[in-house]
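Trainee: See start.cif below, with mmCIF, C-alpha atoms.
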```cif
data_work
loop_
_atom_site.label_atom_id
_atom_site.label_comp_id
_atom_site.auth_asym_id
_atom_site.auth_seq_id
_atom_site.Cartn_x
_atom_site.Cartn_y
_atom_site.Cartn_z
CA MET A 1 192.04 -78.22 -29.62
CA GLY A 2 191.28 -78.63 -33.30
CA SER A 3 187.67 -77.51 -32.69
CA LEU A 4 188.82 -74.10 -31.48
CA GLU A 5 191.40 -73.71 -34.24
CA ALA A 6 188.73 -74.39 -36.87
CA LEU A 7 186.32 -71.75 -35.49
CA VAL A 8 187.27 -68.23 -36.54
CA ARG A 9 185.94 -66.25 -33.58
CA ASP A 10 187.05 -64.90 -30.22
CA TRP A 11 186.33 -66.42 -26.81
CA PRO A 12 186.91 -63.60 -24.30
CA GLY A 13 185.34 -65.42 -21.33
CA ALA A 14 186.66 -68.96 -20.80
CA ALA A 15 186.36 -71.32 -17.83
CA ASP A 16 188.12 -74.62 -17.08
CA LEU A 17 186.20 -77.16 -14.95
CA SER A 18 188.82 -79.91 -15.22
CA ALA A 19 189.84 -81.74 -12.05
CA HIS A 20 193.49 -81.30 -13.10
CA PRO A 21 193.67 -77.65 -14.25
CA GLY A 22 196.47 -76.42 -16.45
CA ALA A 23 196.40 -79.11 -19.14
CA PHE A 24 193.97 -77.13 -21.28
CA ALA A 25 195.86 -73.86 -20.86
CA ALA A 26 199.13 -75.60 -21.80
CA ALA A 27 197.62 -77.17 -24.92
CA LEU A 28 195.96 -73.87 -25.83
CA ALA A 29 199.28 -72.00 -25.62
CA GLU A 30 200.72 -74.29 -28.32
CA SER A 31 197.69 -74.05 -30.63
CA GLY A 32 196.61 -71.62 -33.30
CA ALA A 33 193.69 -70.45 -31.15
CA ALA A 34 195.77 -69.05 -28.28
CA ASP A 35 195.36 -65.41 -29.30
CA ARG A 36 191.56 -65.75 -29.62
CA VAL A 37 190.85 -67.14 -26.14
CA GLY A 38 190.83 -64.84 -23.14
CA PRO A 39 192.39 -65.73 -19.77
CA VAL A 40 191.18 -69.19 -18.74
CA LYS A 41 189.50 -69.16 -15.34
CA THR A 42 189.79 -72.27 -13.12
CA VAL A 43 186.39 -72.76 -11.48
CA GLY A 44 185.76 -74.03 -7.94
CA ASP A 45 187.98 -76.01 -5.59
CA ARG A 46 189.48 -79.35 -6.54
CA ALA A 47 186.80 -81.36 -4.71
CA ALA A 48 184.04 -79.64 -6.70
CA ARG A 49 185.88 -80.19 -9.99
CA ALA A 50 186.52 -83.86 -9.17
CA GLY A 51 182.81 -84.45 -8.46
CA PRO A 52 180.99 -82.15 -10.88
CA GLY A 53 177.28 -81.60 -10.44
CA ALA A 54 177.19 -82.37 -6.70
CA ALA A 55 176.96 -78.64 -5.88
CA PRO A 56 175.87 -75.57 -7.87
CA LEU A 57 178.44 -74.53 -10.45
CA ASP A 58 180.47 -71.52 -9.31
CA LEU A 59 179.63 -69.53 -12.45
CA VAL A 60 176.96 -66.92 -13.14
CA ASP A 61 174.35 -68.05 -15.64
CA GLY A 62 175.03 -66.74 -19.14
CA SER A 63 178.54 -65.51 -18.26
CA GLN A 64 180.96 -67.62 -20.32
CA ASP A 65 181.81 -67.81 -24.03
CA LEU A 66 183.70 -71.09 -23.63
CA ILE A 67 183.65 -73.82 -20.97
CA VAL A 68 186.03 -76.78 -20.97
CA SER A 69 185.97 -79.94 -18.84
CA LEU A 70 188.74 -82.47 -19.46
CA MET A 71 188.57 -85.98 -17.96
CA SER A 72 186.35 -85.09 -14.99
CA LEU A 73 182.72 -85.61 -15.97
CA HIS A 74 182.85 -89.41 -15.61
CA TRP A 75 182.93 -88.78 -11.84
CA ALA A 76 179.59 -86.93 -11.88
CA ASN A 77 176.80 -88.63 -9.94
CA ASP A 78 174.30 -86.74 -12.11
CA LEU A 79 175.88 -86.29 -15.54
CA PRO A 80 172.79 -84.74 -17.22
CA GLY A 81 172.51 -82.33 -14.29
CA ALA A 82 176.18 -81.35 -14.52
CA LEU A 83 175.82 -80.74 -18.26
CA SER A 84 172.69 -78.63 -17.65
CA GLN A 85 174.62 -76.43 -15.21
CA ILE A 86 177.37 -75.96 -17.79
CA ARG A 87 174.86 -75.07 -20.50
CA ARG A 88 173.20 -72.45 -18.26
CA ALA A 89 176.58 -70.83 -17.53
CA LEU A 90 177.25 -70.27 -21.24
CA LYS A 91 176.28 -67.15 -23.10
CA PRO A 92 173.95 -67.69 -26.09
CA ASP A 93 176.05 -69.32 -28.84
CA GLY A 94 178.72 -70.20 -26.27
CA LEU A 95 180.65 -73.45 -26.71
CA PHE A 96 181.25 -76.39 -24.37
CA LEU A 97 184.10 -78.85 -24.99
CA GLY A 98 184.52 -81.90 -22.78
CA THR A 99 186.21 -85.27 -22.53
CA LEU A 100 185.40 -88.14 -20.20
CA LEU A 101 186.05 -91.86 -19.88
CA GLY A 102 183.50 -94.05 -21.66
CA ALA A 103 181.92 -97.44 -21.02
CA GLY A 104 184.66 -99.46 -22.75
CA THR A 105 187.29 -98.21 -20.31
CA LEU A 106 189.12 -100.99 -18.41
CA LYS A 107 186.81 -103.65 -19.83
CA GLU A 108 189.52 -106.29 -19.42
CA LEU A 109 190.08 -105.43 -15.75
CA ARG A 110 186.36 -105.35 -15.02
CA ALA A 111 185.87 -108.84 -16.47
CA VAL A 112 188.76 -110.60 -14.71
CA LEU A 113 188.08 -109.05 -11.30
CA THR A 114 184.42 -110.04 -11.50
CA GLU A 115 185.23 -113.62 -12.50
CA ALA A 116 187.92 -114.05 -9.86
CA GLU A 117 185.66 -112.76 -7.09
CA LEU A 118 182.76 -114.91 -8.25
CA GLU A 119 184.98 -118.00 -8.09
CA ALA A 120 186.13 -117.20 -4.56
CA ARG A 121 182.96 -115.82 -2.99
CA GLY A 122 180.04 -116.78 -5.20
CA GLY A 123 179.26 -113.08 -5.69
CA ALA A 124 181.05 -109.95 -6.82
CA GLN A 125 180.96 -106.22 -6.19
CA ALA A 126 181.60 -103.52 -8.77
CA ARG A 127 185.36 -102.91 -8.74
CA VAL A 128 185.51 -100.53 -11.71
CA SER A 129 183.45 -97.34 -11.71
CA PRO A 130 180.57 -97.23 -14.20
CA PHE A 131 181.09 -94.99 -17.22
CA ALA A 132 178.65 -93.42 -19.67
CA ASP A 133 178.28 -95.05 -23.07
CA GLY A 134 180.07 -92.91 -25.62
CA PHE A 135 177.32 -93.50 -28.16
CA ASP A 136 174.89 -91.72 -25.81
CA GLY A 137 177.04 -88.56 -25.68
CA ALA A 138 175.08 -86.49 -28.21
CA ALA A 139 171.78 -87.51 -26.60
CA LEU A 140 173.07 -86.43 -23.18
CA LEU A 141 174.05 -83.03 -24.56
CA GLN A 142 170.67 -82.63 -26.23
CA ARG A 143 168.88 -83.61 -23.01
CA ALA A 144 170.86 -80.90 -21.18
CA GLY A 145 169.64 -78.27 -23.66
CA PHE A 146 172.66 -77.97 -25.95
CA ALA A 147 172.23 -77.23 -29.64
CA LEU A 148 174.24 -78.88 -32.44
CA PRO A 149 175.57 -81.64 -30.15
CA VAL A 150 178.52 -83.72 -31.31
CA ALA A 151 180.09 -86.79 -29.67
CA ASP A 152 183.07 -88.83 -30.80
CA VAL A 153 184.94 -91.75 -29.25
CA ASP A 154 188.64 -92.64 -29.25
CA ARG A 155 189.99 -95.91 -27.86
CA VAL A 156 193.52 -96.03 -26.54
CA THR A 157 195.30 -99.23 -25.53
CA VAL A 158 198.03 -98.94 -22.89
CA ARG A 159 200.29 -101.95 -22.20
CA TYR A 160 201.58 -102.86 -18.73
CA PRO A 161 204.06 -105.46 -17.43
CA ASP A 162 201.40 -106.97 -15.16
CA LEU A 163 198.20 -106.26 -13.22
CA PRO A 164 199.93 -104.59 -10.21
CA ALA A 165 201.55 -102.10 -12.60
CA LEU A 166 198.13 -101.22 -14.05
CA ILE A 167 196.66 -100.73 -10.57
CA ARG A 168 199.59 -98.50 -9.53
CA ASP A 169 199.02 -96.35 -12.62
CA LEU A 170 195.29 -96.00 -11.89
CA ARG A 171 196.07 -94.91 -8.33
CA ALA A 172 198.60 -92.36 -9.57
CA MET A 173 195.99 -90.94 -11.96
CA GLY A 174 193.37 -90.72 -9.21
CA GLU A 175 191.16 -93.05 -11.22
CA THR A 176 190.56 -95.85 -8.72
CA ASN A 177 187.02 -96.97 -7.88
CA GLY A 178 185.09 -94.14 -6.20
CA LEU A 179 181.71 -95.85 -5.71
CA ALA A 180 179.94 -94.93 -2.48
CA GLY A 181 178.95 -97.51 0.12
CA PRO A 182 180.68 -100.36 1.91
CA VAL A 183 183.18 -102.27 -0.20
CA ARG A 184 184.50 -105.67 0.84
CA PRO A 185 188.28 -105.66 0.35
CA LEU A 186 189.75 -107.97 -2.24
CA THR A 187 191.98 -110.72 -0.89
CA ARG A 188 195.46 -111.45 -2.16
CA GLY A 189 194.13 -114.69 -3.61
CA ILE A 190 191.41 -112.96 -5.62
CA VAL A 191 193.86 -110.40 -7.00
CA GLY A 192 196.31 -113.16 -7.87
CA ARG A 193 193.60 -115.12 -9.68
CA ALA A 194 192.54 -111.96 -11.55
CA ALA A 195 196.15 -111.42 -12.64
CA GLN A 196 196.32 -115.02 -13.85
CA LEU A 197 193.08 -114.64 -15.86
CA TYR A 198 194.28 -111.32 -17.30
CA ALA A 199 197.54 -112.88 -18.50
CA GLU A 200 195.83 -115.99 -19.92
CA ARG A 201 193.21 -114.11 -21.88
CA HIS A 202 194.77 -110.81 -22.87
CA ALA A 203 198.59 -110.92 -22.68
CA ASP A 204 200.57 -110.14 -25.83
CA ASN A 205 203.38 -112.37 -27.08
CA ASP A 206 205.89 -110.48 -24.92
CA GLY A 207 203.81 -111.06 -21.78
CA ARG A 208 202.59 -107.49 -21.38
CA ILE A 209 198.88 -106.93 -20.76
CA PRO A 210 196.71 -104.34 -22.57
CA ALA A 211 194.27 -102.00 -20.85
CA THR A 212 191.61 -100.19 -22.89
CA PHE A 213 190.75 -96.56 -22.22
CA GLU A 214 187.74 -95.19 -24.10
CA ILE A 215 187.76 -91.39 -24.33
CA VAL A 216 184.48 -89.65 -25.20
CA HIS A 217 184.76 -86.18 -26.77
CA LEU A 218 181.75 -83.87 -26.40
CA ALA A 219 180.95 -80.54 -28.04
CA GLY A 220 177.75 -78.53 -27.76
CA TRP A 221 176.51 -74.98 -28.11
CA ALA A 222 174.21 -72.87 -25.99
CA PRO A 223 171.17 -72.20 -28.22
CA HIS A 224 171.10 -69.03 -30.31
CA GLU A 225 168.80 -67.84 -33.08
CA SER A 226 171.69 -67.61 -35.57
CA GLN A 227 172.41 -71.35 -35.43
CA GLN A 228 171.38 -73.80 -38.12
CA LYS A 229 167.98 -75.39 -37.62
CA PRO A 230 166.71 -78.68 -39.07
CA LEU A 231 164.04 -78.36 -41.76
CA PRO A 232 160.47 -79.26 -40.75
CA ARG A 233 159.38 -82.85 -41.35
CA GLY A 234 157.89 -83.36 -44.78
CA SER A 235 159.53 -80.27 -46.30
CA ALA A 236 161.93 -82.20 -48.58
CA LYS A 237 161.46 -81.59 -52.32
CA MET A 238 163.25 -84.77 -53.47
CA ARG A 239 163.03 -88.42 -52.49
CA LEU A 240 166.18 -89.80 -50.86
CA ALA A 241 166.33 -92.65 -53.39
CA ASP A 242 166.35 -90.12 -56.25
CA ALA A 243 169.08 -88.05 -54.59
CA LEU A 244 171.26 -91.15 -54.19
CA GLY A 245 170.48 -92.44 -57.67
CA VAL A 246 169.25 -95.83 -56.43
CA ARG A 247 166.05 -97.83 -56.84
CA GLU A 248 163.89 -97.86 -53.74
CA GLN A 249 163.17 -101.34 -52.39
CA THR A 250 159.65 -102.12 -51.20
CA GLY A 251 158.13 -105.11 -49.49
CA GLU A 252 156.53 -106.15 -52.76
CA ASP A 253 159.84 -106.43 -54.70
#
```
Show me the file's structure as structure tokens.

Mentor:
Amino acid sequence: MGSLEALVRDWPGAADLSAHPGAFAAALAESGAADRVGPVKTVGDRAARAGPGAAPLDLVDGSQDLIVSLMSLHWANDLPGALSQIRRALKPDGLFLGTLLGAGTLKELRAVLTEAELEARGGAQARVSPFADGFDGAALLQRAGFALPVADVDRVTVRYPDLPALIRDLRAMGETNGLAGPVRPLTRGIVGRAAQLYAERHADNDGRIPATFEIVHLAGWAPHESQQKPLPRGSAKMRLADALGVREQTGED
């Protein structure tokens, strides 16, 4: 919400593409930007918001000043395509703000489930959904046609009493594995071995186990002629070494 508070302008047309609508509106109501954002429209049915990009976005091209998507885009089968649809729905100089789970999410769980299944079966299926690398966020926005793309990553560690407690929490959040295709069920023995590996390798002194959640924050603008543009290559009037006050190193030194 800090991005909106720092931008002194109005956003009369705003749309929320989040799978769980209401969180953005609630946070907005408590922020300093509440009086500058028009009524927030929830777009599409829940199935469309939970799987963005699978169908055309229910917004007219060039109709929105602000589009928000919180913790939904990691479910997109075609993330660049979903971002392109969002960019087309923005007015020139319109803003997109999004958050999604990144590649470091549940890295501990991914590792122990894979090892336990390999031990039991000699092969393993993906048990944790794949997530986009947070360091690719700005490149994804740029590929989708956004100007001035920005990506940032936060890592949050949540501690649980044991592996079953973590799995129950993931189910309650609607964040269990959603990969298409046949999935061979895990046996009680494999899950038990995974819990043992988790405790051996990751448990804290009090016995609780940590789970990492990597949250990728995205911000990008629909292109507009008023926006800052990079200078052409070769147009600099000063060497970088001179600007920094250092001696340039060459291969001959």

Trainee: When the PyMOL selection byres ((chain A and resi 136-148) around 8) is applied to the structure above, which residues does it catch, written out as number ranges by chain?

Mentor: A: 80-81, 83-84, 87, 132-135, 149-152, 216, 218, 220-223

Trainee: Suppose we keep C-alpha atoms; can you now write the selection as a PDB file, in the coordinates of the input?

Mentor:
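The resulting file, result_26.pdb, is reproduced below:
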```pdb
ATOM      1  CA  PRO A  80     172.790 -84.740 -17.220  1.00  0.00           C
ATOM      2  CA  GLY A  81     172.510 -82.330 -14.290  1.00  0.00           C
ATOM      3  CA  LEU A  83     175.820 -80.740 -18.260  1.00  0.00           C
ATOM      4  CA  SER A  84     172.690 -78.630 -17.650  1.00  0.00           C
ATOM      5  CA  ARG A  87     174.860 -75.070 -20.500  1.00  0.00           C
ATOM      6  CA  ALA A 132     178.650 -93.420 -19.670  1.00  0.00           C
ATOM      7  CA  ASP A 133     178.280 -95.050 -23.070  1.00  0.00           C
ATOM      8  CA  GLY A 134     180.070 -92.910 -25.620  1.00  0.00           C
ATOM      9  CA  PHE A 135     177.320 -93.500 -28.160  1.00  0.00           C
ATOM     10  CA  PRO A 149     175.570 -81.640 -30.150  1.00  0.00           C
ATOM     11  CA  VAL A 150     178.520 -83.720 -31.310  1.00  0.00           C
ATOM     12  CA  ALA A 151     180.090 -86.790 -29.670  1.00  0.00           C
ATOM     13  CA  ASP A 152     183.070 -88.830 -30.800  1.00  0.00           C
ATOM     14  CA  VAL A 216     184.480 -89.650 -25.200  1.00  0.00           C
ATOM     15  CA  LEU A 218     181.750 -83.870 -26.400  1.00  0.00           C
ATOM     16  CA  GLY A 220     177.750 -78.530 -27.760  1.00  0.00           C
ATOM     17  CA  TRP A 221     176.510 -74.980 -28.110  1.00  0.00           C
ATOM     18  CA  ALA A 222     174.210 -72.870 -25.990  1.00  0.00           C
ATOM     19  CA  PRO A 223     171.170 -72.200 -28.220  1.00  0.00           C
TER      20      PRO A 223
END
```

Trainee: Using all atoms listed in the file, which of A:Met173, A:Ala120, A:Leu95, A:Ala165 sits nearest Ser72 in chain A?

Mentor: A:Met173

Trainee: Using all atoms listed in the file, can you tell me which of A:Asp78, A:Glu119, A:Asp16, A:Glu5 comes closest to Val191 in chain A?

Mentor: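 Closest candidate: A:Glu119.
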
Trainee: Between A:Pro210, A:Pro56, A:Pro12, A:Pro92, which residue has the minimum interatomic distance to Lys41 in chain A, considering only C-alpha atoms?

Mentor: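 Smallest distance to Lys41 in chain A is found for A:Pro12.
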
Trainee: CA of Ala219 in chain A to CA of Arg127 in chain A: how many Å, to one decimal?

Mentor: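 Taking CA of Ala219 in chain A as the start and CA of Arg127 in chain A as the end point, the length is 29.9 Å.
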
Trainee: Mind giving me the straight-line distance from CA of Asp61 in chain A to CA of Ile86 in chain A in Å, one decimal?

Mentor: 8.7 Å

Trainee: Run through the PyMOL selection byres ((chain A and resi 182-185) around 12) on the given coordinates and return the selected residues as a PyMOL selection string.

Mentor: chain A and resi 117+121+123-128+177-181+186-191

Trainee: Generate a file of the selected residues that holds C-alpha atoms, formatted as a compact mmCIF listing (two decimals), keeping the file's coordinate frame.

Mentor:
```txt
# COMPACT_ATOMS: atom_id res chain seq x y z
CA GLU A 117 185.66 -112.76 -7.09
CA ARG A 121 182.96 -115.82 -2.99
CA GLY A 123 179.26 -113.08 -5.69
CA ALA A 124 181.05 -109.95 -6.82
CA GLN A 125 180.96 -106.22 -6.19
CA ALA A 126 181.60 -103.52 -8.77
CA ARG A 127 185.36 -102.91 -8.74
CA VAL A 128 185.51 -100.53 -11.71
CA ASN A 177 187.02 -96.97 -7.88
CA GLY A 178 185.09 -94.14 -6.20
CA LEU A 179 181.71 -95.85 -5.71
CA ALA A 180 179.94 -94.93 -2.48
CA GLY A 181 178.95 -97.51 0.12
CA LEU A 186 189.75 -107.97 -2.24
CA THR A 187 191.98 -110.72 -0.89
CA ARG A 188 195.46 -111.45 -2.16
CA GLY A 189 194.13 -114.69 -3.61
CA ILE A 190 191.41 -112.96 -5.62
CA VAL A 191 193.86 -110.40 -7.00
```

Trainee: Find the residues around Leu106 in chain A up to 7 Å (all atoms listed in the file counted), leave out those fewer than 4 positions away in its own chain, and share them as a PyMOL selection string.

Mentor: chain A and resi 110+211-213

Trainee: Can you find the residues with an atom no farther than 7 Å from (188.9, -114.8, -10.6), counting all atoms listed in the file, and report them as a list in words?

Mentor: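 Within 7 Å of (188.9, -114.8, -10.6), the protein and nucleic acid residues are Val112, Leu113, Thr114, Glu115, Ala116, Glu117, Leu118, Glu119, Ile190, Arg193, Ala194 and Leu197 of chain A.
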
Trainee: Any chance you can output those residues with C-alpha atoms as a tab-separated table (two decimals), keeping the file's coordinate frame?

Mentor:
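Okay, selection.tsv is ready:
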```
chain	number	residue	atom	x	y	z
A	112	VAL	CA	188.76	-110.60	-14.71
A	113	LEU	CA	188.08	-109.05	-11.30
A	114	THR	CA	184.42	-110.04	-11.50
A	115	GLU	CA	185.23	-113.62	-12.50
A	116	ALA	CA	187.92	-114.05	-9.86
A	117	GLU	CA	185.66	-112.76	-7.09
A	118	LEU	CA	182.76	-114.91	-8.25
A	119	GLU	CA	184.98	-118.00	-8.09
A	190	ILE	CA	191.41	-112.96	-5.62
A	193	ARG	CA	193.60	-115.12	-9.68
A	194	ALA	CA	192.54	-111.96	-11.55
A	197	LEU	CA	193.08	-114.64	-15.86
```

Trainee: One number please: CA of Val246 in chain A to CA of Gln228 in chain A, in Å, one decimal.

Mentor: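 If I compute the distance from CA of Val246 in chain A to CA of Gln228 in chain A, I get 28.7 Å.
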
Trainee: When you count all atoms listed in the file, which of these residues is closest to His74 in chain A: A:Leu101, A:Ala34, A:Val60, A:Ala111?

Mentor: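 Smallest separation from His74 in chain A among the options: A:Leu101.
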
Trainee: Kindly indicate which residue among A:Ile209, A:Ala195, A:Val156, A:Val68 lies nearest to Ala15 in chain A, using all atoms listed in the file for the distances.

Mentor: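 Looking at the shortest contact to Ala15 in chain A, the residue is A:Val68.
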
Trainee: Apply the PyMOL selection byres ((chain A and resi 18) around 12) to the structure shown and report the selected residues as a ChimeraX atom specification.

Mentor: /A:15-17,19-25,40-52,67-75,97-100

Trainee: Taking all listed atoms of range 117-123 of chain A, build the axis-aligned box, pad each of the six sides by 4 Å, then write its centre and edge lengths in Å to one decimal as AutoDock Vina command-line options.

Mentor:
```
--center_x 182.7 --center_y -115.4 --center_z -5.6 --size_x 14.9 --size_y 13.2 --size_z 13.3
```

Trainee: For Ser63 in chain A, which residue among A:Arg88, A:Lys229, A:Arg247, A:Arg159 is the nearest when counting all atoms listed in the file?

Mentor: A:Arg88
